[in-house]
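What's in my_file-v3.cif: mmCIF, C-alpha atoms
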```cif
data_structure
#
loop_
_atom_site.label_atom_id
_atom_site.label_comp_id
_atom_site.auth_asym_id
_atom_site.auth_seq_id
_atom_site.Cartn_x
_atom_site.Cartn_y
_atom_site.Cartn_z
CA MET F 24 1.14 -32.90 3.06
CA ALA F 25 0.12 -34.70 6.21
CA PRO F 26 -1.85 -37.93 5.72
CA PRO F 27 -5.61 -37.73 6.29
CA SER F 28 -6.68 -38.30 9.86
CA LYS F 29 -9.71 -40.28 10.88
CA PHE F 30 -10.37 -37.67 13.58
CA SER F 31 -11.80 -34.20 13.28
CA LEU F 32 -9.53 -31.24 14.07
CA THR F 33 -10.99 -30.96 17.54
CA GLN F 34 -10.60 -34.69 18.14
CA GLN F 35 -7.00 -34.58 16.91
CA ALA F 36 -6.16 -31.99 19.54
CA ILE F 37 -8.00 -33.75 22.36
CA ASN F 38 -6.64 -37.20 21.51
CA SER F 39 -3.05 -36.03 21.04
CA PRO F 40 -0.53 -38.79 21.84
CA LYS F 41 1.51 -36.16 23.67
CA ALA F 42 -0.93 -36.09 26.61
CA ASN F 43 0.85 -36.51 29.96
CA LEU F 44 -0.30 -37.16 33.50
CA VAL F 45 1.90 -35.24 35.90
CA ASN F 46 -0.10 -35.73 39.08
CA PRO F 47 -3.38 -37.36 40.03
CA ASP F 48 -5.22 -34.04 40.36
CA LYS F 49 -4.09 -32.16 37.26
CA LYS F 50 -3.79 -33.52 33.74
CA ILE F 51 -1.49 -31.83 31.25
CA LEU F 52 -2.44 -31.91 27.58
CA LYS F 53 0.65 -30.95 25.61
CA ILE F 54 0.15 -30.06 21.95
CA ASP F 55 3.05 -30.38 19.52
CA ASN F 56 1.26 -28.29 16.92
CA PRO F 57 -0.13 -25.16 18.61
CA GLU F 58 -1.69 -24.05 15.32
CA THR F 59 -4.23 -26.87 15.63
CA LEU F 60 -5.26 -25.90 19.14
CA SER F 61 -5.20 -22.13 18.66
CA LYS F 62 -7.70 -22.37 15.83
CA THR F 63 -10.11 -24.70 17.64
CA LYS F 64 -11.99 -23.66 20.75
CA ILE F 65 -11.94 -26.70 23.04
CA ASP F 66 -14.15 -27.01 26.09
CA LEU F 67 -11.92 -29.12 28.36
CA PRO F 68 -12.76 -30.34 31.87
CA ASP F 69 -11.53 -28.26 34.81
CA ASN F 70 -8.87 -30.82 35.73
CA ILE F 71 -7.09 -30.50 32.38
CA GLU F 72 -4.49 -27.85 31.78
CA VAL F 73 -3.33 -27.05 28.26
CA ILE F 74 0.35 -26.31 27.62
CA LYS F 75 1.42 -25.30 24.13
CA GLU F 76 4.91 -25.31 22.65
CA GLU F 77 4.46 -21.60 21.85
CA ALA F 78 2.83 -19.01 24.04
CA SER F 79 1.13 -17.14 21.22
CA ILE F 80 -2.67 -17.42 21.11
CA SER F 81 -4.42 -16.90 17.82
CA PRO F 82 -7.50 -14.65 17.95
CA ASN F 83 -8.99 -16.76 15.17
CA GLU F 84 -10.53 -19.49 17.27
CA LEU F 85 -13.36 -21.67 16.06
CA TYR F 86 -16.31 -21.66 18.42
CA ILE F 87 -17.91 -24.83 17.16
CA THR F 88 -19.18 -27.84 19.08
CA LYS F 89 -16.85 -30.82 19.34
CA GLN F 90 -19.59 -33.21 18.30
CA LEU F 91 -19.41 -32.71 14.54
CA PRO F 92 -21.61 -34.89 12.36
CA LYS F 93 -19.47 -36.89 9.95
CA GLU F 94 -20.94 -35.08 6.94
CA VAL F 95 -19.86 -31.65 8.25
CA ALA F 96 -16.56 -30.08 7.19
CA ILE F 97 -14.95 -26.85 8.36
CA LEU F 98 -13.06 -24.48 6.08
CA HIS F 99 -11.02 -22.21 8.32
CA ILE F 100 -9.46 -19.03 6.89
CA TYR F 101 -7.11 -17.02 9.05
CA GLN F 102 -5.18 -13.85 8.42
CA ASN F 103 -1.39 -13.52 8.36
CA GLY F 104 -0.48 -9.90 8.95
CA GLN F 105 -2.20 -7.25 6.87
CA ASP F 106 -2.35 -8.75 3.39
CA GLU F 107 -1.97 -12.53 3.56
CA TYR F 108 -4.17 -15.45 4.53
CA SER F 109 -3.92 -19.23 4.95
CA VAL F 110 -6.55 -21.95 4.89
CA TRP F 111 -6.99 -25.33 6.52
CA GLY F 112 -9.92 -27.70 6.67
CA GLY F 113 -11.23 -30.45 8.90
CA ASN F 114 -13.62 -33.37 8.67
CA THR F 115 -13.84 -36.75 10.40
CA THR F 116 -12.65 -38.38 7.15
CA TYR F 117 -10.54 -35.91 5.18
CA PHE F 118 -8.11 -33.27 6.43
CA LEU F 119 -6.94 -30.25 4.44
CA ALA F 120 -3.43 -29.38 5.63
CA PRO F 121 -2.69 -25.68 6.20
CA THR F 122 -1.91 -23.98 2.92
CA LYS F 123 1.00 -21.64 2.42
CA ALA F 124 0.33 -17.95 2.95
CA ASN F 125 -1.38 -16.30 -0.02
CA GLU F 126 -1.75 -12.65 -0.90
CA LYS F 127 -5.10 -10.97 -0.33
CA PRO F 128 -7.27 -11.38 -3.45
CA ASN F 129 -9.22 -8.30 -4.52
CA ILE F 130 -12.49 -10.14 -5.11
CA SER F 131 -14.82 -8.62 -2.53
CA LEU F 132 -18.26 -8.68 -4.17
CA GLY F 133 -19.22 -5.55 -2.27
CA ASN F 134 -16.22 -3.62 -3.57
CA MET F 135 -16.38 -4.96 -7.13
CA VAL F 136 -20.07 -4.11 -7.57
CA GLN F 137 -19.64 -0.71 -5.92
CA ASN F 138 -16.75 0.06 -8.29
CA GLY F 139 -18.90 -0.79 -11.31
CA LYS F 140 -17.11 -3.96 -12.40
CA LEU F 141 -19.14 -5.85 -15.01
CA PRO F 142 -20.70 -9.15 -13.85
CA GLU F 143 -18.83 -11.08 -16.56
CA ASN F 144 -15.54 -9.69 -15.26
CA ILE F 145 -16.52 -10.62 -11.71
CA GLN F 146 -17.25 -14.15 -12.89
CA ASP F 147 -13.83 -14.33 -14.58
CA ASP F 148 -12.04 -13.07 -11.47
CA ILE F 149 -13.70 -15.78 -9.37
CA LYS F 150 -12.72 -18.38 -11.95
CA TYR F 151 -9.05 -17.35 -11.81
CA PHE F 152 -9.15 -17.39 -8.00
CA SER F 153 -10.69 -20.88 -8.09
CA HIS F 154 -8.06 -22.07 -10.56
CA VAL F 155 -5.12 -21.49 -8.21
CA ASN F 156 -6.82 -22.95 -5.11
CA VAL F 157 -6.09 -26.53 -6.11
CA GLU F 158 -5.83 -27.99 -2.59
CA ILE F 159 -9.20 -26.62 -1.49
CA ARG F 160 -10.92 -27.83 -4.66
CA LYS F 161 -9.48 -31.36 -4.35
CA TRP F 162 -10.50 -31.55 -0.69
CA LEU F 163 -14.07 -30.42 -1.37
CA LYS F 164 -14.41 -32.83 -4.29
CA GLN F 165 -13.34 -35.71 -2.03
CA LEU F 166 -15.97 -34.70 0.51
CA LYS F 167 -18.61 -34.25 -2.18
CA ARG F 168 -17.98 -37.77 -3.53
CA GLN F 169 -18.21 -39.18 -0.02
CA PHE F 170 -21.32 -37.41 1.24
CA ASN F 171 -23.12 -36.09 -1.87
CA GLU F 172 -25.97 -33.73 -0.95
CA ARG F 173 -25.62 -34.52 2.76
CA LEU F 174 -22.33 -32.60 2.86
CA CYS F 175 -22.36 -29.35 4.83
CA LEU F 176 -19.48 -26.87 4.76
CA VAL F 177 -18.94 -24.41 7.62
CA ILE F 178 -17.00 -21.40 6.34
CA ALA F 179 -15.14 -19.77 9.23
CA ASP F 180 -13.46 -16.77 7.64
CA HIS F 181 -11.68 -14.60 10.21
CA THR F 182 -10.11 -12.23 7.69
CA ASN F 183 -11.42 -8.88 6.52
CA PHE F 184 -10.81 -9.77 2.85
CA GLU F 185 -14.48 -10.55 2.06
CA ILE F 186 -13.68 -13.55 -0.14
CA PRO F 187 -16.94 -14.96 -1.62
CA TRP F 188 -16.18 -18.60 -0.85
CA GLU F 189 -19.65 -19.72 -1.93
CA MET F 190 -18.65 -18.71 -5.50
CA LEU F 191 -15.50 -20.86 -5.58
CA GLU F 192 -15.65 -23.14 -8.63
CA LEU F 193 -14.76 -26.77 -8.05
CA SER F 194 -13.93 -27.26 -11.74
CA PRO F 195 -13.17 -23.86 -13.27
CA TYR F 196 -12.97 -25.24 -16.82
CA GLU F 197 -15.99 -25.21 -19.10
CA TYR F 198 -14.96 -28.36 -20.94
CA GLU F 199 -14.83 -30.33 -17.67
CA SER F 200 -17.84 -29.40 -15.53
CA PRO F 201 -18.99 -25.81 -15.99
CA TYR F 202 -20.50 -23.75 -13.19
CA GLU F 203 -19.70 -26.06 -10.27
CA TYR F 204 -20.00 -23.36 -7.62
CA VAL F 205 -19.53 -24.44 -4.00
CA GLY F 206 -22.60 -22.61 -2.70
CA ALA F 207 -24.84 -24.21 -5.33
CA LEU F 208 -23.60 -27.80 -4.87
CA ILE F 209 -22.81 -27.87 -1.14
CA THR F 210 -24.93 -26.65 1.76
CA THR F 211 -22.85 -23.85 3.26
CA VAL F 212 -23.10 -21.83 6.44
CA ARG F 213 -20.78 -19.22 7.84
CA TRP F 214 -19.57 -18.86 11.40
CA ARG F 215 -17.31 -16.57 13.38
CA GLN F 216 -16.49 -15.59 16.93
CA ILE F 217 -19.55 -14.03 18.59
CA ILE F 218 -19.35 -12.43 22.03
CA SER F 219 -22.70 -12.56 23.82
CA GLY F 220 -22.66 -11.00 27.26
CA ASP F 221 -19.78 -12.54 29.18
CA ASP F 222 -19.49 -15.62 26.99
CA TYR F 223 -18.95 -16.84 23.46
CA LEU F 224 -21.57 -18.46 21.26
CA PHE F 225 -20.90 -21.97 20.02
CA LEU F 226 -22.24 -23.26 16.73
CA GLU F 227 -24.26 -26.36 17.59
CA PHE F 228 -25.36 -29.05 15.14
CA GLN F 229 -28.81 -30.20 16.20
CA ASP F 230 -32.34 -30.22 14.87
CA ASN F 231 -33.87 -26.79 15.42
CA LYS F 232 -37.32 -25.55 14.46
CA CYS F 233 -38.17 -21.87 14.31
CA CYS F 234 -41.97 -21.96 14.61
CA GLY F 235 -44.27 -18.99 14.87
CA HIS F 236 -45.33 -15.79 13.20
CA THR F 237 -43.48 -13.25 11.07
CA ALA F 238 -42.60 -9.60 11.72
CA ALA F 239 -41.40 -7.39 8.87
CA TYR F 240 -40.17 -3.89 8.20
CA VAL F 241 -40.45 -2.77 4.56
CA LEU F 242 -39.16 0.55 3.19
CA ASP F 243 -42.01 0.85 0.71
CA THR F 244 -41.45 4.62 0.24
CA GLU F 245 -38.04 4.13 -1.42
CA LEU F 246 -37.58 0.55 -2.64
CA LYS F 247 -38.86 -0.72 -5.99
CA GLY F 248 -40.70 -4.00 -6.39
CA VAL F 249 -41.79 -4.42 -2.76
CA GLY F 250 -45.27 -5.50 -3.84
CA ALA F 251 -44.17 -9.12 -4.06
CA GLU F 252 -42.81 -9.04 -0.52
CA LEU F 253 -45.88 -7.31 0.89
CA ASN F 254 -48.24 -9.77 -0.78
CA THR F 255 -46.27 -12.68 0.68
CA PHE F 256 -46.38 -11.21 4.18
CA LYS F 257 -50.07 -10.44 3.92
CA LYS F 258 -50.70 -14.10 3.12
CA LEU F 259 -48.77 -14.96 6.26
CA GLN F 260 -50.81 -12.43 8.25
CA ALA F 261 -47.47 -11.03 9.38
CA ARG F 262 -46.99 -7.99 11.56
CA ILE F 263 -45.86 -5.45 8.93
CA TYR F 264 -44.22 -2.10 9.57
CA ARG F 265 -44.26 -0.04 6.37
CA SER F 266 -42.27 3.18 6.09
CA SER F 267 -45.30 4.83 4.45
CA GLN F 268 -47.22 4.28 7.69
CA HIS F 269 -44.64 3.85 10.45
CA ASN F 270 -41.39 5.30 11.67
CA ILE F 271 -38.64 2.69 11.75
CA LYS F 272 -38.29 3.40 15.48
CA ASP F 273 -41.73 1.77 15.93
CA PHE F 274 -40.23 -1.41 14.51
CA GLN F 275 -37.24 -1.07 16.84
CA ALA F 276 -39.64 -0.73 19.78
CA TYR F 277 -41.39 -3.93 18.72
CA LEU F 278 -38.04 -5.77 18.68
CA GLN F 279 -37.73 -4.93 22.38
CA GLN F 280 -41.03 -6.54 23.38
CA ASN F 281 -41.08 -9.76 25.41
CA GLU F 282 -42.80 -11.95 22.84
CA SER F 283 -41.54 -15.49 22.33
CA ASN F 284 -43.33 -16.78 19.24
CA CYS F 285 -41.76 -14.76 16.42
CA ALA F 286 -40.02 -17.25 14.13
CA PHE F 287 -38.97 -14.86 11.38
CA ILE F 288 -37.86 -11.23 11.47
CA TYR F 289 -37.55 -9.66 8.03
CA ILE F 290 -35.99 -6.27 7.28
CA SER F 291 -36.22 -4.85 3.75
CA CYS F 292 -34.56 -1.47 3.33
CA HIS F 293 -31.36 0.27 2.32
CA GLY F 294 -28.09 -0.54 4.01
CA THR F 295 -25.36 2.03 4.64
CA TYR F 296 -21.83 0.65 4.95
CA GLN F 297 -18.92 2.91 5.96
CA ASP F 298 -15.46 2.63 7.47
CA ASN F 299 -16.74 4.33 10.62
CA LEU F 300 -19.04 2.09 12.69
CA LYS F 301 -21.08 5.15 13.69
CA ASP F 302 -22.27 5.51 10.09
CA ILE F 303 -23.36 1.90 9.50
CA ALA F 304 -27.16 1.80 9.41
CA LEU F 305 -30.33 0.19 8.08
CA GLY F 306 -33.30 2.13 6.75
CA SER F 307 -33.75 5.16 4.54
CA ASP F 308 -31.06 6.27 2.13
CA ASN F 309 -31.52 9.96 2.86
CA ASP F 310 -33.55 10.43 6.06
CA GLU F 311 -31.61 9.74 9.25
CA THR F 312 -34.81 9.80 11.31
CA GLN F 313 -35.82 6.65 9.41
CA GLN F 314 -32.61 4.74 10.14
CA LEU F 315 -31.51 2.14 12.66
CA LYS F 316 -27.87 2.80 13.50
CA LEU F 317 -25.75 -0.25 14.28
CA LEU F 318 -24.30 1.25 17.45
CA SER F 319 -27.73 2.39 18.63
CA LEU F 320 -29.16 -1.11 18.21
CA ARG F 321 -26.29 -2.50 20.26
CA LYS F 322 -27.66 -0.56 23.23
CA SER F 323 -31.16 -2.02 22.82
CA GLN F 324 -32.30 -5.14 24.65
CA LEU F 325 -34.01 -6.68 21.57
CA ASN F 326 -35.96 -9.05 23.82
CA LEU F 327 -37.90 -10.38 20.84
CA LEU F 328 -34.74 -11.99 19.49
CA LYS F 329 -33.68 -13.29 22.88
CA ASN F 330 -37.06 -14.84 23.69
CA SER F 331 -38.06 -16.11 20.24
CA GLN F 332 -34.62 -17.17 18.91
CA GLY F 333 -35.87 -17.00 15.34
CA ILE F 334 -34.27 -16.37 11.97
CA VAL F 335 -33.42 -12.79 10.96
CA PHE F 336 -33.25 -11.92 7.26
CA ILE F 337 -31.68 -8.49 6.64
CA ASN F 338 -32.55 -7.88 2.99
CA ALA F 339 -30.47 -4.73 2.67
CA CYS F 340 -27.29 -3.81 0.84
CA HIS F 341 -24.07 -4.65 2.71
CA SER F 342 -25.97 -6.14 5.68
CA GLY F 343 -23.50 -9.03 6.00
CA ARG F 344 -20.37 -6.85 5.98
CA GLU F 345 -18.41 -5.95 9.09
CA GLN F 346 -15.99 -3.36 10.43
CA ALA F 347 -13.58 -3.16 13.34
CA HIS F 348 -13.61 -0.30 15.84
CA TYR F 349 -10.44 1.68 16.44
CA SER F 350 -10.60 0.87 20.16
CA ILE F 351 -10.49 -2.90 19.58
CA PRO F 352 -6.88 -4.12 19.58
CA HIS F 353 -7.54 -7.37 17.71
CA SER F 354 -9.54 -8.78 14.85
CA TYR F 355 -13.08 -8.74 16.31
CA ARG F 356 -15.37 -6.98 13.82
CA MET F 357 -18.89 -5.69 14.29
CA GLY F 358 -21.92 -5.70 12.04
CA PHE F 359 -25.60 -6.53 11.93
CA VAL F 360 -25.04 -10.29 11.61
CA GLU F 361 -22.78 -10.31 14.66
CA LEU F 362 -25.22 -8.08 16.56
CA PHE F 363 -28.38 -10.12 15.92
CA LEU F 364 -26.65 -13.42 16.70
CA ALA F 365 -25.33 -11.97 19.95
CA LYS F 366 -28.83 -10.71 20.83
CA GLY F 367 -30.35 -14.18 20.45
CA ALA F 368 -31.16 -14.92 16.80
CA ARG F 369 -30.73 -18.58 15.87
CA GLY F 370 -29.56 -17.67 12.38
CA VAL F 371 -29.05 -14.56 10.27
CA ILE F 372 -29.15 -14.03 6.50
CA GLY F 373 -27.21 -11.03 5.24
CA THR F 374 -25.68 -9.71 2.02
CA LEU F 375 -22.09 -9.19 0.90
CA GLY F 376 -22.75 -6.01 -1.09
CA ALA F 377 -25.28 -3.86 -2.92
CA ILE F 378 -28.23 -5.70 -4.48
CA GLY F 379 -30.84 -4.47 -6.93
CA ASP F 380 -34.21 -3.70 -5.34
CA ILE F 381 -36.31 -5.89 -7.63
CA HIS F 382 -34.02 -8.89 -7.34
CA ALA F 383 -33.94 -8.51 -3.55
CA ALA F 384 -37.73 -8.55 -3.35
CA THR F 385 -38.00 -11.52 -5.72
CA PHE F 386 -35.36 -13.50 -3.85
CA ALA F 387 -37.08 -12.95 -0.51
CA SER F 388 -40.45 -14.05 -1.89
CA GLU F 389 -38.91 -17.17 -3.41
CA LEU F 390 -37.15 -18.10 -0.17
CA ILE F 391 -40.31 -17.69 1.89
CA GLU F 392 -42.41 -19.64 -0.63
CA GLU F 393 -39.83 -22.45 -0.58
CA SER F 394 -39.92 -22.56 3.21
CA LEU F 395 -43.71 -22.85 3.13
CA LYS F 396 -43.57 -25.67 0.57
CA SER F 397 -40.76 -27.46 2.42
CA PRO F 398 -41.26 -26.76 6.15
CA THR F 399 -38.85 -29.56 7.15
CA THR F 400 -35.99 -28.40 4.89
CA PRO F 401 -33.27 -26.37 6.66
CA VAL F 402 -32.86 -22.73 5.68
CA ALA F 403 -29.26 -23.36 4.56
CA VAL F 404 -30.46 -26.04 2.15
CA LEU F 405 -33.13 -23.72 0.73
CA LEU F 406 -30.46 -21.12 0.04
CA ARG F 407 -28.32 -23.72 -1.73
CA LYS F 408 -31.27 -24.70 -3.92
CA LEU F 409 -31.93 -21.08 -4.89
CA ARG F 410 -28.27 -20.65 -5.84
CA LEU F 411 -28.35 -23.86 -7.87
CA GLN F 412 -31.48 -22.67 -9.64
CA VAL F 413 -29.90 -19.38 -10.72
CA VAL F 414 -26.77 -21.23 -11.91
CA GLN F 415 -28.83 -23.68 -13.96
CA ASN F 416 -30.65 -20.76 -15.57
CA LEU F 417 -27.42 -19.32 -16.98
CA PRO F 418 -27.21 -19.69 -20.77
CA GLU F 419 -24.03 -20.95 -22.46
CA GLN F 420 -23.02 -17.40 -23.38
CA PRO F 421 -24.49 -15.27 -20.57
CA THR F 422 -24.89 -11.54 -21.03
CA THR F 423 -24.53 -8.87 -18.39
CA GLN F 424 -28.27 -9.02 -17.71
CA ASP F 425 -28.12 -12.83 -17.40
CA LEU F 426 -25.32 -12.60 -14.85
CA LEU F 427 -26.80 -9.93 -12.59
CA PRO F 428 -29.25 -12.33 -10.83
CA PHE F 429 -26.39 -14.82 -10.50
CA ILE F 430 -24.11 -12.30 -8.78
CA TYR F 431 -26.90 -10.96 -6.58
CA THR F 432 -28.05 -14.42 -5.46
CA PHE F 433 -24.57 -15.43 -4.35
CA MET F 434 -24.34 -12.30 -2.21
CA TYR F 435 -26.77 -13.85 0.30
CA VAL F 436 -24.98 -15.74 3.08
CA TYR F 437 -26.30 -17.50 6.17
CA TYR F 438 -24.75 -17.59 9.63
CA GLY F 439 -26.08 -20.23 12.00
CA ASN F 440 -26.93 -23.85 12.60
CA PRO F 441 -27.23 -25.64 9.22
CA MET F 442 -29.98 -27.87 10.61
CA THR F 443 -32.40 -25.04 11.50
CA VAL F 444 -35.75 -25.10 9.69
CA LEU F 445 -38.27 -22.28 9.36
CA GLN F 446 -41.91 -23.17 9.97
CA LEU F 447 -44.01 -20.05 9.52
CA ALA F 448 -47.51 -19.85 10.93
CA ILE F 449 -50.29 -18.25 8.86
CA GLN F 450 -52.07 -17.04 11.93
CA GLY F 451 -51.77 -14.89 14.99
CA GLY F 452 -50.39 -11.82 13.28
CA GLN F 453 -51.98 -8.82 11.69
CA THR F 454 -51.76 -7.25 8.25
CA ASP F 455 -50.35 -3.94 9.47
CA ALA F 456 -48.94 -3.15 12.88
#
```
Please, can you express the file's structure as structure tokens?
Amino acid sequence: MAPPSKFSLTQQAINSPKANLVNPDKKILKIDNPETLSKTKIDLPDNIEVIKEEASISPNELYITKQLPKEVAILHIYQNGQDEYSVWGGNTTYFLAPTKANEKPNISLGNMVQNGKLPENIQDDIKYFSHVNVEIRKWLKQLKRQFNERLCLVIADHTNFEIPWEMLELSPYEYESPYEYVGALITTVRWRQIISGDDYLFLEFQDNKCCGHTAAYVLDTELKGVGAELNTFKKLQARIYRSSQHNIKDFQAYLQQNESNCAFIYISCHGTYQDNLKDIALGSDNDETQQLKLLSLRKSQLNLLKNSQGIVFINACHSGREQAHYSIPHSYRMGFVELFLAKGARGVIGTLGAIGDIHAATFASELIEESLKSPTTPVAVLLRKLRLQVVQNLPEQPTTQDLLPFIYTFMYVYYGNPMTVLQLAIQGGQTDA
């Protein structure tokens, strides 16, 4: 294993001792290890040309700012062929060397829940997966000791394996430290390549405030337990589109308006996830006229997202899952998270599978209440606290019913700047649109 470097992965590439000056006008930066460069998107000056030992270019580039705070670490997962993956990690203090190729683990939460696997069996599967990932656990424990609650982990998973990294156990042995789940102890965000127009989005680390009113769509004709959500939004005087009173296309039309003060867009409905991108949708489970198709939304301007740059919370089954299109010859996958980020959202919360209606409504209400009580706490930190809370509520011998909220809560993932806070205004909206 290579010794830890005092530089981040990006800095290691830029400050390579192999740099050569070949003429006064053009600088050549030669990289001995092309793996390091191919997995880090580097914004170099125009007068620097990069030459790699190998000509191959990995599609799994990290589009993350070079100026990483010292308490931020990146866990980068890239795919080897069809059924293998490798992992490496970077931080200004500790470096996780690339791991050997591992076989694809069958631990997709979306698939396991859909196939009816019991929550206790899901928990066991995650424990076994955690057990064999010794290098990752040791690296994260080092970082946790160094930075404590200030530590932030960016999970850049470029595979299609749907590994629930937030559920990785740091100490998967009850006698040592039970229930040390990464997403409950460490503030985590996810990131991936996002194409927006003719450019790529970079994940920036800077203080961001999403201030303004709330807009919500709620499928109150089909979902159970939406009363809690509606009461919360009425307190906020949010603009509410209810399926009992509006067609979902009215909500889509609102997303195209040129407003700039919408801090929070909330969507509570069913989510349809299929192999064919044409069939991926949000809305009703059985009425296509009350659905927003993924590919249809891609053709919409969605000016509200572009102008407001708020947080989008898609509280629908499978809303954080992605698929590739047959016409795309590489690993770029599409989904609602990718779409809303590309259209201008500052951050997006989605789900990794199917979630019970009542839990979904309760979770949303708790998250919004926490943001109102702690308007200076980043959204990513609020999510960590909610995960920690559900873990602490687990009894010593949890039953299936005890574990359901635990599984559901860890299905929520956040893509975006970990420093973004949500400051919702209780004014300027209206009870019903």
Distance in Å - CA of Leu318 in chain F versus CA of Asn299 in chain F = 10.6 Å
Calculate how many Å separate CA of Leu328 in chain F from CA of His236 in chain F, rounding to one decimal.
-> 12.9 Å
Contacts of Leu325 in chain F within 9 Å, all atoms listed in the file, excl. fewer than 4 positions in-chain, as an mmCIF file with C-alpha atoms, in the coordinates of the input:
```cif
data_model
loop_
_atom_site.group_PDB
_atom_site.id
_atom_site.type_symbol
_atom_site.label_atom_id
_atom_site.label_comp_id
_atom_site.auth_asym_id
_atom_site.auth_seq_id
_atom_site.Cartn_x
_atom_site.Cartn_y
_atom_site.Cartn_z
ATOM 1 C CA GLN F 275 -37.240 -1.070 16.840
ATOM 2 C CA ALA F 276 -39.640 -0.730 19.780
ATOM 3 C CA TYR F 277 -41.390 -3.930 18.720
ATOM 4 C CA LEU F 278 -38.040 -5.770 18.680
ATOM 5 C CA GLN F 279 -37.730 -4.930 22.380
ATOM 6 C CA GLN F 280 -41.030 -6.540 23.380
ATOM 7 C CA ASN F 281 -41.080 -9.760 25.410
ATOM 8 C CA LEU F 320 -29.160 -1.110 18.210
ATOM 9 C CA ARG F 321 -26.290 -2.500 20.260
ATOM 10 C CA LYS F 329 -33.680 -13.290 22.880
ATOM 11 C CA ASN F 330 -37.060 -14.840 23.690
ATOM 12 C CA PHE F 363 -28.380 -10.120 15.920
ATOM 13 C CA LYS F 366 -28.830 -10.710 20.830
ATOM 14 C CA GLY F 367 -30.350 -14.180 20.450
#
```
Atom-to-atom span, CA of Ala339 in chain F and CA of Gly250 in chain F, Å |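 Separation between CA of Ala339 in chain F and CA of Gly250 in chain F: 16.2 Å.
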Might you pull out every residue within 9 Å of Gly439 in chain F, with all atoms listed in the file counted and same-chain residues fewer than 6 positions away left off, and present them as an MDAnalysis selection string?
-> chainID F and resid 212:214 226:227 364 368:372 403
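Each of F:Pro128, F:Gly306, F:Gly113, F:Gly379 was compared to Phe429 in chain F using only C-alpha atoms, and F:Gly379 turns out to be the nearest.
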Long-range neighbours of range 260-274 of chain F as a ChimeraX atom specification, 10 Å cut-off, all atoms listed in the file, 2 positions minimum in chain | /F:236-245,253-258,276-279,285,287-292,305-307,312-315,447-456
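Remark: for Leu119 in chain F, the closest of the candidate residues F:Lys140, F:Arg160, F:His382, F:Arg215 is F:Arg160 (distances computed over only C-alpha atoms).
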Could you pull the residues within 12 Å of Pro421 in chain F, counting all atoms listed in the file, minus those fewer than 6 positions along the same chain, as a list in words?
-> Pro142, Glu143, Asn144, Gln146, Tyr202, Val413, Val414, Gln415, Leu427, Pro428 and Phe429 of chain F
Report as a PyMOL selection string the full result of the PyMOL selection byres ((chain F and resi 133-139) around 12) when it is applied to this structure.
-> chain F and resi 128-132+140-146+148-149+184-187+294-297+340-345+374-379+427+430-431+433-435
Could you work out an axis-aligned box for range 229-245 of chain F, taking every atom the file lists and adding 8 Å on each side, and report centre and edge lengths in Å to one decimal, as JSON?
```
{"center_x": -37.1, "center_y": -12.8, "center_z": 7.4, "size_x": 32.5, "size_y": 50.8, "size_z": 33.6}
```
Ground truth for the PyMOL selection byres ((chain F and resi 388-400) around 8), written as an mmCIF file with C-alpha atoms, in the coordinates of the input:
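Contents of the output file result32.cif:
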```
data_model
loop_
_atom_site.group_PDB
_atom_site.id
_atom_site.type_symbol
_atom_site.label_atom_id
_atom_site.label_comp_id
_atom_site.auth_asym_id
_atom_site.auth_seq_id
_atom_site.Cartn_x
_atom_site.Cartn_y
_atom_site.Cartn_z
ATOM 1 C CA ALA F 251 -44.170 -9.120 -4.060
ATOM 2 C CA GLU F 252 -42.810 -9.040 -0.520
ATOM 3 C CA THR F 255 -46.270 -12.680 0.680
ATOM 4 C CA ALA F 384 -37.730 -8.550 -3.350
ATOM 5 C CA THR F 385 -38.000 -11.520 -5.720
ATOM 6 C CA PHE F 386 -35.360 -13.500 -3.850
ATOM 7 C CA ALA F 387 -37.080 -12.950 -0.510
ATOM 8 C CA PRO F 401 -33.270 -26.370 6.660
ATOM 9 C CA VAL F 402 -32.860 -22.730 5.680
ATOM 10 C CA VAL F 404 -30.460 -26.040 2.150
ATOM 11 C CA LEU F 405 -33.130 -23.720 0.730
ATOM 12 C CA LEU F 406 -30.460 -21.120 0.040
ATOM 13 C CA LEU F 409 -31.930 -21.080 -4.890
ATOM 14 C CA VAL F 444 -35.750 -25.100 9.690
ATOM 15 C CA LEU F 445 -38.270 -22.280 9.360
ATOM 16 C CA GLN F 446 -41.910 -23.170 9.970
ATOM 17 C CA LEU F 447 -44.010 -20.050 9.520
#
```
Once the PyMOL selection byres ((chain F and resi 172) around 10) has been applied to the shown file, what residues remain in the selection, as a PDB file with C-alpha atoms, in the frame of the given file?
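selection_33.pdb, freshly written:
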```
ATOM      1  CA  GLU F  94     -20.940 -35.080   6.940  1.00  0.00           C
ATOM      2  CA  LYS F 167     -18.610 -34.250  -2.180  1.00  0.00           C
ATOM      3  CA  ARG F 168     -17.980 -37.770  -3.530  1.00  0.00           C
ATOM      4  CA  GLN F 169     -18.210 -39.180  -0.020  1.00  0.00           C
ATOM      5  CA  PHE F 170     -21.320 -37.410   1.240  1.00  0.00           C
ATOM      6  CA  ASN F 171     -23.120 -36.090  -1.870  1.00  0.00           C
ATOM      7  CA  ARG F 173     -25.620 -34.520   2.760  1.00  0.00           C
ATOM      8  CA  LEU F 174     -22.330 -32.600   2.860  1.00  0.00           C
ATOM      9  CA  CYS F 175     -22.360 -29.350   4.830  1.00  0.00           C
ATOM     10  CA  LEU F 208     -23.600 -27.800  -4.870  1.00  0.00           C
ATOM     11  CA  ILE F 209     -22.810 -27.870  -1.140  1.00  0.00           C
ATOM     12  CA  THR F 210     -24.930 -26.650   1.760  1.00  0.00           C
ATOM     13  CA  VAL F 404     -30.460 -26.040   2.150  1.00  0.00           C
TER      14      VAL F 404
END
```
